[in-house]
Structures are given as C-alpha cells and as structure tokens.
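A.B. asks: I am sharing start04.cif, which consists of mmCIF, C-alpha atoms:
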data_entry
#
loop_
_atom_site.label_atom_id
_atom_site.label_comp_id
_atom_site.auth_asym_id
_atom_site.auth_seq_id
_atom_site.Cartn_x
_atom_site.Cartn_y
_atom_site.Cartn_z
CA LYS C 1 0.00 0.00 0.00
CA ALA C 2 1.42 3.37 -0.95
CA GLY C 3 2.09 5.82 1.86
CA VAL C 4 1.17 9.46 2.12
CA THR C 5 2.67 11.45 -0.72
CA GLN C 6 3.41 15.14 -0.50
CA THR C 7 4.48 17.27 -3.41
CA PRO C 8 6.64 19.12 -3.96
CA ARG C 9 9.31 18.12 -1.45
CA TYR C 10 11.10 21.46 -1.58
CA LEU C 11 9.94 24.90 -2.58
CA ILE C 12 11.47 28.35 -2.61
CA LYS C 13 9.13 31.31 -2.94
CA THR C 14 9.40 35.06 -2.68
CA ARG C 15 7.57 37.18 -0.11
CA GLY C 16 4.14 38.16 -1.34
CA GLN C 17 3.72 35.15 -3.61
CA GLN C 18 1.30 32.35 -3.02
CA VAL C 19 1.94 28.63 -2.87
CA THR C 20 -0.07 25.43 -3.14
CA LEU C 21 1.04 22.19 -1.54
CA SER C 22 -0.45 18.82 -2.34
CA CYS C 23 -1.08 15.71 -0.27
CA SER C 24 -2.27 12.30 -1.47
CA PRO C 25 -3.41 10.19 1.48
CA ILE C 26 -3.22 6.46 1.91
CA SER C 27 -5.90 4.76 -0.14
CA GLY C 28 -9.12 4.50 1.84
CA HIS C 29 -8.20 7.19 4.36
CA ARG C 30 -10.76 9.96 4.50
CA SER C 31 -9.14 12.28 6.99
CA VAL C 32 -6.27 14.55 6.01
CA SER C 33 -4.62 16.92 8.45
CA TRP C 34 -1.98 19.55 7.87
CA TYR C 35 0.73 20.67 10.30
CA GLN C 36 3.37 23.35 10.24
CA GLN C 37 6.69 22.56 11.88
CA THR C 38 9.23 25.23 12.76
CA PRO C 39 12.17 25.17 15.18
CA GLY C 40 10.61 27.87 17.32
CA GLN C 41 6.96 26.79 17.45
CA GLY C 42 7.27 23.05 17.02
CA LEU C 43 4.43 21.15 15.41
CA GLN C 44 1.30 23.20 15.01
CA PHE C 45 -2.02 22.00 13.70
CA LEU C 46 -3.34 23.87 10.67
CA PHE C 47 -6.58 22.15 9.70
CA GLU C 48 -8.22 18.82 9.07
CA TYR C 49 -10.47 17.69 6.24
CA PHE C 50 -12.79 14.76 6.29
CA SER C 51 -14.89 13.79 3.27
CA GLU C 52 -14.24 17.15 1.58
CA THR C 53 -15.31 19.15 4.64
CA GLN C 54 -13.06 21.11 6.93
CA ARG C 55 -13.78 19.70 10.38
CA ASN C 56 -11.35 21.67 12.45
CA LYS C 57 -8.98 24.55 12.06
CA GLY C 58 -5.98 25.64 14.07
CA ASN C 59 -5.04 29.13 15.04
CA PHE C 60 -3.59 30.39 11.77
CA PRO C 61 -4.46 33.51 9.76
CA GLY C 62 -6.84 33.36 6.84
CA ARG C 63 -3.91 33.34 4.42
CA PHE C 64 -3.73 29.64 5.12
CA SER C 65 -6.47 27.68 3.46
CA GLY C 66 -7.07 24.21 2.21
CA ARG C 67 -9.45 21.91 0.46
CA GLN C 68 -10.07 18.24 -0.08
CA PHE C 69 -11.23 16.56 -3.24
CA SER C 70 -13.61 13.66 -3.67
CA ASN C 71 -10.67 11.24 -3.93
CA SER C 72 -9.47 12.51 -0.52
CA ARG C 73 -6.44 14.26 -1.97
CA SER C 74 -5.90 17.57 -0.26
CA GLU C 75 -4.24 20.83 -1.06
CA MET C 76 -3.25 23.67 1.17
CA ASN C 77 -2.67 27.17 -0.05
CA VAL C 78 -0.77 30.02 1.53
CA SER C 79 -1.31 33.44 0.05
CA THR C 80 0.81 36.58 0.45
CA LEU C 81 3.76 34.63 1.78
CA GLU C 82 5.76 36.01 4.68
CA LEU C 83 9.27 35.11 5.80
CA GLY C 84 7.78 33.49 8.88
CA ASP C 85 5.91 30.99 6.73
CA SER C 86 9.19 29.21 6.06
CA ALA C 87 8.66 25.80 7.58
CA LEU C 88 8.24 22.11 7.04
CA TYR C 89 4.61 21.40 6.18
CA LEU C 90 3.46 17.94 7.09
CA CYS C 91 0.37 16.17 5.91
CA ALA C 92 -1.12 13.21 7.75
CA SER C 93 -3.88 10.85 6.76
CA SER C 94 -5.96 8.50 8.84
CA TRP C 95 -9.00 6.32 8.46
CA THR C 96 -11.35 8.46 10.51
CA GLY C 97 -9.21 11.16 12.03
CA MET C 98 -9.22 9.50 15.42
CA THR C 99 -7.16 6.47 14.61
CA GLU C 100 -3.43 6.67 14.13
CA ALA C 101 -2.22 9.12 11.54
CA PHE C 102 0.39 8.39 8.92
CA PHE C 103 2.57 11.20 7.77
CA GLY C 104 4.06 12.20 4.47
CA GLN C 105 7.68 13.25 4.15
CA GLY C 106 6.72 16.90 4.20
CA THR C 107 7.22 19.90 2.00
CA ARG C 108 10.05 22.19 2.96
CA LEU C 109 8.96 25.75 2.11
CA THR C 110 11.50 28.54 2.13
CA VAL C 111 10.31 32.11 1.72
CA VAL C 112 12.97 34.62 0.69
CA ALA R 1 -8.24 23.65 26.07
CA GLN R 2 -6.46 20.35 25.68
CA THR R 3 -2.72 20.53 26.21
CA VAL R 4 0.25 18.23 26.10
CA THR R 5 3.45 18.60 28.13
CA GLN R 6 6.73 16.89 27.49
CA SER R 7 8.93 18.14 30.28
CA GLN R 8 12.23 16.74 28.99
CA PRO R 9 13.49 18.74 26.00
CA GLU R 10 16.51 16.48 25.65
CA MET R 11 17.54 13.10 26.95
CA SER R 12 20.50 10.84 26.47
CA VAL R 13 20.85 7.09 26.85
CA GLN R 14 23.66 4.62 26.48
CA GLU R 15 23.24 2.01 23.78
CA ALA R 16 21.51 -1.14 25.15
CA GLU R 17 20.18 0.73 28.20
CA THR R 18 16.61 1.72 28.98
CA VAL R 19 15.16 5.22 28.85
CA THR R 20 11.76 6.63 29.72
CA LEU R 21 10.25 9.70 28.10
CA SER R 22 7.46 11.43 29.95
CA CYS R 23 4.26 13.05 28.75
CA THR R 24 1.33 14.55 30.58
CA TYR R 25 -1.81 15.88 29.00
CA ASP R 26 -5.01 17.49 29.91
CA THR R 27 -8.36 16.40 28.60
CA SER R 28 -11.94 16.35 29.73
CA GLU R 29 -12.72 13.31 27.64
CA SER R 30 -13.03 9.83 29.05
CA ASP R 31 -12.25 7.74 26.01
CA TYR R 32 -9.50 8.48 23.53
CA TYR R 33 -6.36 7.22 21.87
CA LEU R 34 -2.84 8.33 22.69
CA PHE R 35 0.16 8.07 20.42
CA TRP R 36 3.91 8.37 20.47
CA TYR R 37 5.58 9.44 17.24
CA LYS R 38 9.24 9.45 16.35
CA GLN R 39 10.88 11.93 13.98
CA PRO R 40 14.43 11.00 12.99
CA PRO R 41 16.75 13.44 11.17
CA SER R 42 15.04 12.51 7.90
CA ARG R 43 11.99 14.41 9.31
CA GLN R 44 9.63 11.54 8.51
CA MET R 45 7.11 11.18 11.35
CA ILE R 46 6.76 7.55 12.31
CA LEU R 47 4.14 6.08 14.61
CA VAL R 48 5.83 4.25 17.45
CA ILE R 49 2.98 3.04 19.61
CA ARG R 50 -0.63 3.75 20.47
CA GLN R 51 -2.71 3.31 23.60
CA GLU R 52 -6.47 3.18 23.86
CA ALA R 53 -7.59 4.95 27.00
CA TYR R 54 -10.32 2.43 27.82
CA LYS R 55 -7.79 -0.40 27.94
CA GLN R 56 -6.18 -1.05 31.32
CA GLN R 57 -3.29 -2.96 29.81
CA ASN R 58 -0.30 -0.88 28.76
CA ALA R 59 0.58 -1.12 25.08
CA THR R 60 3.79 -2.81 24.02
CA GLU R 61 5.46 -2.88 20.64
CA ASN R 62 8.73 -4.82 20.64
CA ARG R 63 11.25 -2.71 22.60
CA PHE R 64 8.73 0.10 23.12
CA SER R 65 6.17 0.14 25.87
CA VAL R 66 4.04 2.72 27.58
CA ASN R 67 3.10 3.41 31.16
CA PHE R 68 -0.38 4.85 30.93
CA GLN R 69 -1.85 6.37 34.08
CA LYS R 70 -5.29 7.57 33.09
CA ALA R 71 -6.20 9.25 36.36
CA ALA R 72 -2.91 11.11 36.43
CA LYS R 73 -3.16 11.83 32.68
CA SER R 74 0.32 10.55 32.20
CA PHE R 75 1.57 8.64 29.18
CA SER R 76 5.27 7.78 29.29
CA LEU R 77 7.25 5.86 26.70
CA LYS R 78 9.87 3.31 27.72
CA ILE R 79 12.52 2.24 25.23
CA SER R 80 14.39 -0.89 26.22
CA ASP R 81 17.72 -2.04 24.79
CA SER R 82 18.22 1.33 23.11
CA GLN R 83 19.74 1.28 19.67
CA LEU R 84 21.56 3.96 17.69
CA GLY R 85 18.60 4.08 15.32
CA ASP R 86 16.35 5.18 18.16
CA ALA R 87 17.99 8.61 18.15
CA ALA R 88 15.24 11.03 17.14
CA MET R 89 12.70 13.55 18.35
CA TYR R 90 9.85 11.86 20.13
CA PHE R 91 6.41 13.44 20.23
CA CYS R 92 3.51 12.56 22.47
CA ALA R 93 0.14 13.10 20.79
CA PRO R 94 -3.26 12.72 22.31
CA PRO R 95 -6.19 13.50 20.01
CA LEU R 96 -8.59 16.31 20.67
CA ARG R 97 -11.74 14.29 20.85
CA PRO R 98 -12.81 10.74 21.57
CA PRO R 99 -13.23 8.26 18.74
CA TYR R 100 -16.93 8.76 18.25
CA GLY R 101 -18.63 9.36 14.97
CA GLY R 102 -18.96 12.97 14.03
CA SER R 103 -16.23 14.20 16.32
CA GLN R 104 -13.15 15.67 14.80
CA GLY R 105 -9.91 13.98 15.49
CA ASN R 106 -6.82 16.07 15.39
CA LEU R 107 -3.54 15.38 17.02
CA ILE R 108 -2.07 17.93 19.35
CA PHE R 109 1.63 17.40 19.73
CA GLY R 110 3.90 18.13 22.65
CA LYS R 111 7.10 20.10 22.10
CA GLY R 112 9.00 16.87 21.75
CA THR R 113 11.95 15.20 23.47
CA LYS R 114 15.20 14.90 21.59
CA LEU R 115 16.73 11.53 22.36
CA SER R 116 20.42 10.90 21.81
CA VAL R 117 21.86 7.39 21.94
CA LYS R 118 25.52 7.04 22.88
CA PRO R 119 27.50 4.09 21.52
#
How does this structure look as structure tokens?

C.D. replies:
Amino acid sequence: KAGVTQTPRYLIKTRGQQVTLSCSPISGHRSVSWYQQTPGQGLQFLFEYFSETQRNKGNFPGRFSGRQFSNSRSEMNVSTLELGDSALYLCASSWTGMTEAFFGQGTRLTVV
Amino acid sequence: AQTVTQSQPEMSVQEAETVTLSCTYDTSESDYYLFWYKQPPSRQMILVIRQEAYKQQNATENRFSVNFQKAAKSFSLKISDSQLGDAAMYFCAPPLRPPYGGSQGNLIFGKGTKLSVKP
C-alpha cells in the first residue's frame, strides 16, 4: 500500500507570492490533516479535512487555506507569503481522524 | 483547552540501556487514543505506539512500551535495549476528541523530546 505522498518536497518562494502544496493520502483514508513545523513553534495544527469538509482549524491567519477533493487528496494554499511561513509542512492521513495518523515526508517551504 | 506537556526537551541514553520519556496531557474526555511518534533526522514522522484509553493494559510494541496512568493523565514511553537508530525527536500526541462518529480527530503534539543514543 502506498504511503502518504506530498508534493513538492522542496519549494522556494518570494515574499508576497502564493503557494499550493499537495497531499495524497493512503488509499481509503478519508481524513487529512496539515501541520506546520518550525524550530521555534514546534508542530502546530493547521486544519483537518474529512470527506471534503473542513472539520477543524488551528489558530492560523486566513492566508492559510485548504481543500479536499472527492478522492481525498488535499491541497493547502498560503497566500501573500511572509518570511515566517518558512517551515516544514506535514500532511497526515488516517481512516477516521481518530485512529493513528500516517505522515508524508513533508514539503520544505523557504520564503525569501 | 487540551494541552500536552513533554517536560524533557533532551535526553541521552547509552546504547543497550533503557530510557523513559514522559508526557502529561489534559483532557476532559473519558475515552480516547494516545500516540507516540518518532521523527528521525530525515523528518519523517513515524508512529511508534498507540494506547487506547479504555484499555487497562499498557501497550507494548517490541522494545517500546508505555506506562499509561489515566487518572494522572500521564503517558510515558519506555525504550528498552536502546539502539543507535532510536535517536530522534519523540512526540507525544493525544487526540482532541474521543473516537466517536462525528467528532473531529486532530492530534495535538507536545514540544518533543530529543533523544540521543551514545554508543
């Protein structure tokens, strides 16, 4: 069974640009969650999607948004990038959202 | 609010010895899952072990075991016969809500414990 796939693995963007990250969950998993990991703040929850609906959202500004498609693939978008958005973005999928989550390898975003 | 505390930012263990990583959490729920994840230098988050709160028996997975104290809201991870490959950041993660239909399930992670293994 294929694991969670995140694309791209690395990304360099300029301040003010926008970016879209993609996550393909494990087949059959309906819950996809996104996390931001930085050295200073650790792992922070961004949002979770279940069956194309956002079920929960962390404490991030509206520049961070996401969506989930009918095949459970998810995208997250960050608009008007700031230097502080530089981070490792992790996607995790699980069967229901309450069982164990399996993580992708992450997308390393650098904003210059 | 539900919180997670890992009070040991860094720990070190000699190869083949045993080490225990601590985690306390706060929740008003009565039934939930708890997880320990490992993040080696490759940054890939790997599930180490899970515990179901309604089960009295502590979970064990090969060299990894937990000491789950529900009343104390404590969930420690014991690594026996430590190996060099165990060196990583370890994160404790209880979910926000119990595993009931319709409730969201999102992991809240502690700050992590960086484990070093000395040869």

A.B. asks: I'd like the interatomic distance between atom CA of Pro41 of chain R and atom CA of Met89 of chain R, to a tenth of an Å.

C.D. replies: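 Those two atoms sit 8.2 Å apart.
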
A.B. asks: Find the residues in chain C near chain R: any atom within 7 Å counts, using only C-alpha atoms. Write them as a list in words.

C.D. replies: Gly42, Leu43, Phe45, Arg55, Asn56, Gly97, Met98, Phe103, Gly104 and Gln105 of chain C

A.B. asks: I need the residue set behind the PyMOL selection byres ((chain C and resi 75-84) around 6) for this file; please write it as JSON, numbers by chain.

C.D. replies: {"C": [15, 16, 17, 18, 19, 20, 21, 22, 63, 64, 65, 66, 67, 74, 85, 86, 111]}

A.B. asks: Expanded to explicit residues, what is the PyMOL selection byres ((chain R and resi 72-74) around 6) for this file, as JSON, numbers by chain?

C.D. replies: {"R": [23, 24, 25, 68, 69, 70, 71, 75]}

A.B. asks: Name the residues captured by the PyMOL selection byres ((chain C and resi 108) around 9) when it is applied to the shown file; answer as a ChimeraX atom specification.

C.D. replies: /C:8-12,86-90,106-107,109-110

A.B. asks: Record the distance separating atom CA of Arg63 of chain R and atom CA of Glu29 of chain R, expressed in Å with one decimal.

C.D. replies: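 Distance between the two atoms: 29.3 Å.
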
A.B. asks: Quick one: residues within 10 Å of Pro40 of chain R, only C-alpha atoms, excluding same-chain residues fewer than 6 positions away - as a ChimeraX atom specification?

C.D. replies: /R:46,85-90,114-115

A.B. asks: What is the atom CA of Phe64 of chain R-atom CA of Ser82 of chain R distance in Å, reported with one decimal?

C.D. replies: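 Atom-to-atom, atom CA of Phe64 of chain R to atom CA of Ser82 of chain R, that is 9.6 Å.
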
A.B. asks: List the spatial neighbours of Thr96 of chain C as a PyMOL selection string - criterion: any atom at most 8 Å away, all atoms listed in the file, same-chain residues fewer than 4 positions off excluded.

C.D. replies: (chain C and resi 29-31+50) or (chain R and resi 105)

A.B. asks: Let's have the selection written as a PDB file, keeping the file's coordinate frame, with C-alpha atoms.

C.D. replies:
ATOM      1  CA  HIS C  29      -8.200   7.190   4.360  1.00  0.00           C
ATOM      2  CA  ARG C  30     -10.760   9.960   4.500  1.00  0.00           C
ATOM      3  CA  SER C  31      -9.140  12.280   6.990  1.00  0.00           C
ATOM      4  CA  PHE C  50     -12.790  14.760   6.290  1.00  0.00           C
TER       5      PHE C  50
ATOM      6  CA  GLY R 105      -9.910  13.980  15.490  1.00  0.00           C
TER       7      GLY R 105
END

A.B. asks: Between R:Ala59, R:Val13, R:Val19, R:Leu77, which has the minimum distance to Pro119 of chain R (counting all atoms listed in the file)?

C.D. replies: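 Checking each of R:Ala59, R:Val13, R:Val19, R:Leu77 against Pro119 of chain R, counting all atoms listed in the file, the winner is R:Val13.
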
A.B. asks: Counting all atoms listed in the file, which of C:Gln36, C:Gln54, C:Ile26, C:Leu46 gets nearest to Trp95 of chain C?

C.D. replies: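 The shortest atom-to-atom distance to Trp95 of chain C comes from C:Ile26.
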
A.B. asks: Using all atoms listed in the file, find the one residue out of C:Phe47, C:Lys13, C:Val32, C:Cys91 that sits nearest to Phe69 of chain C.

C.D. replies: C:Val32
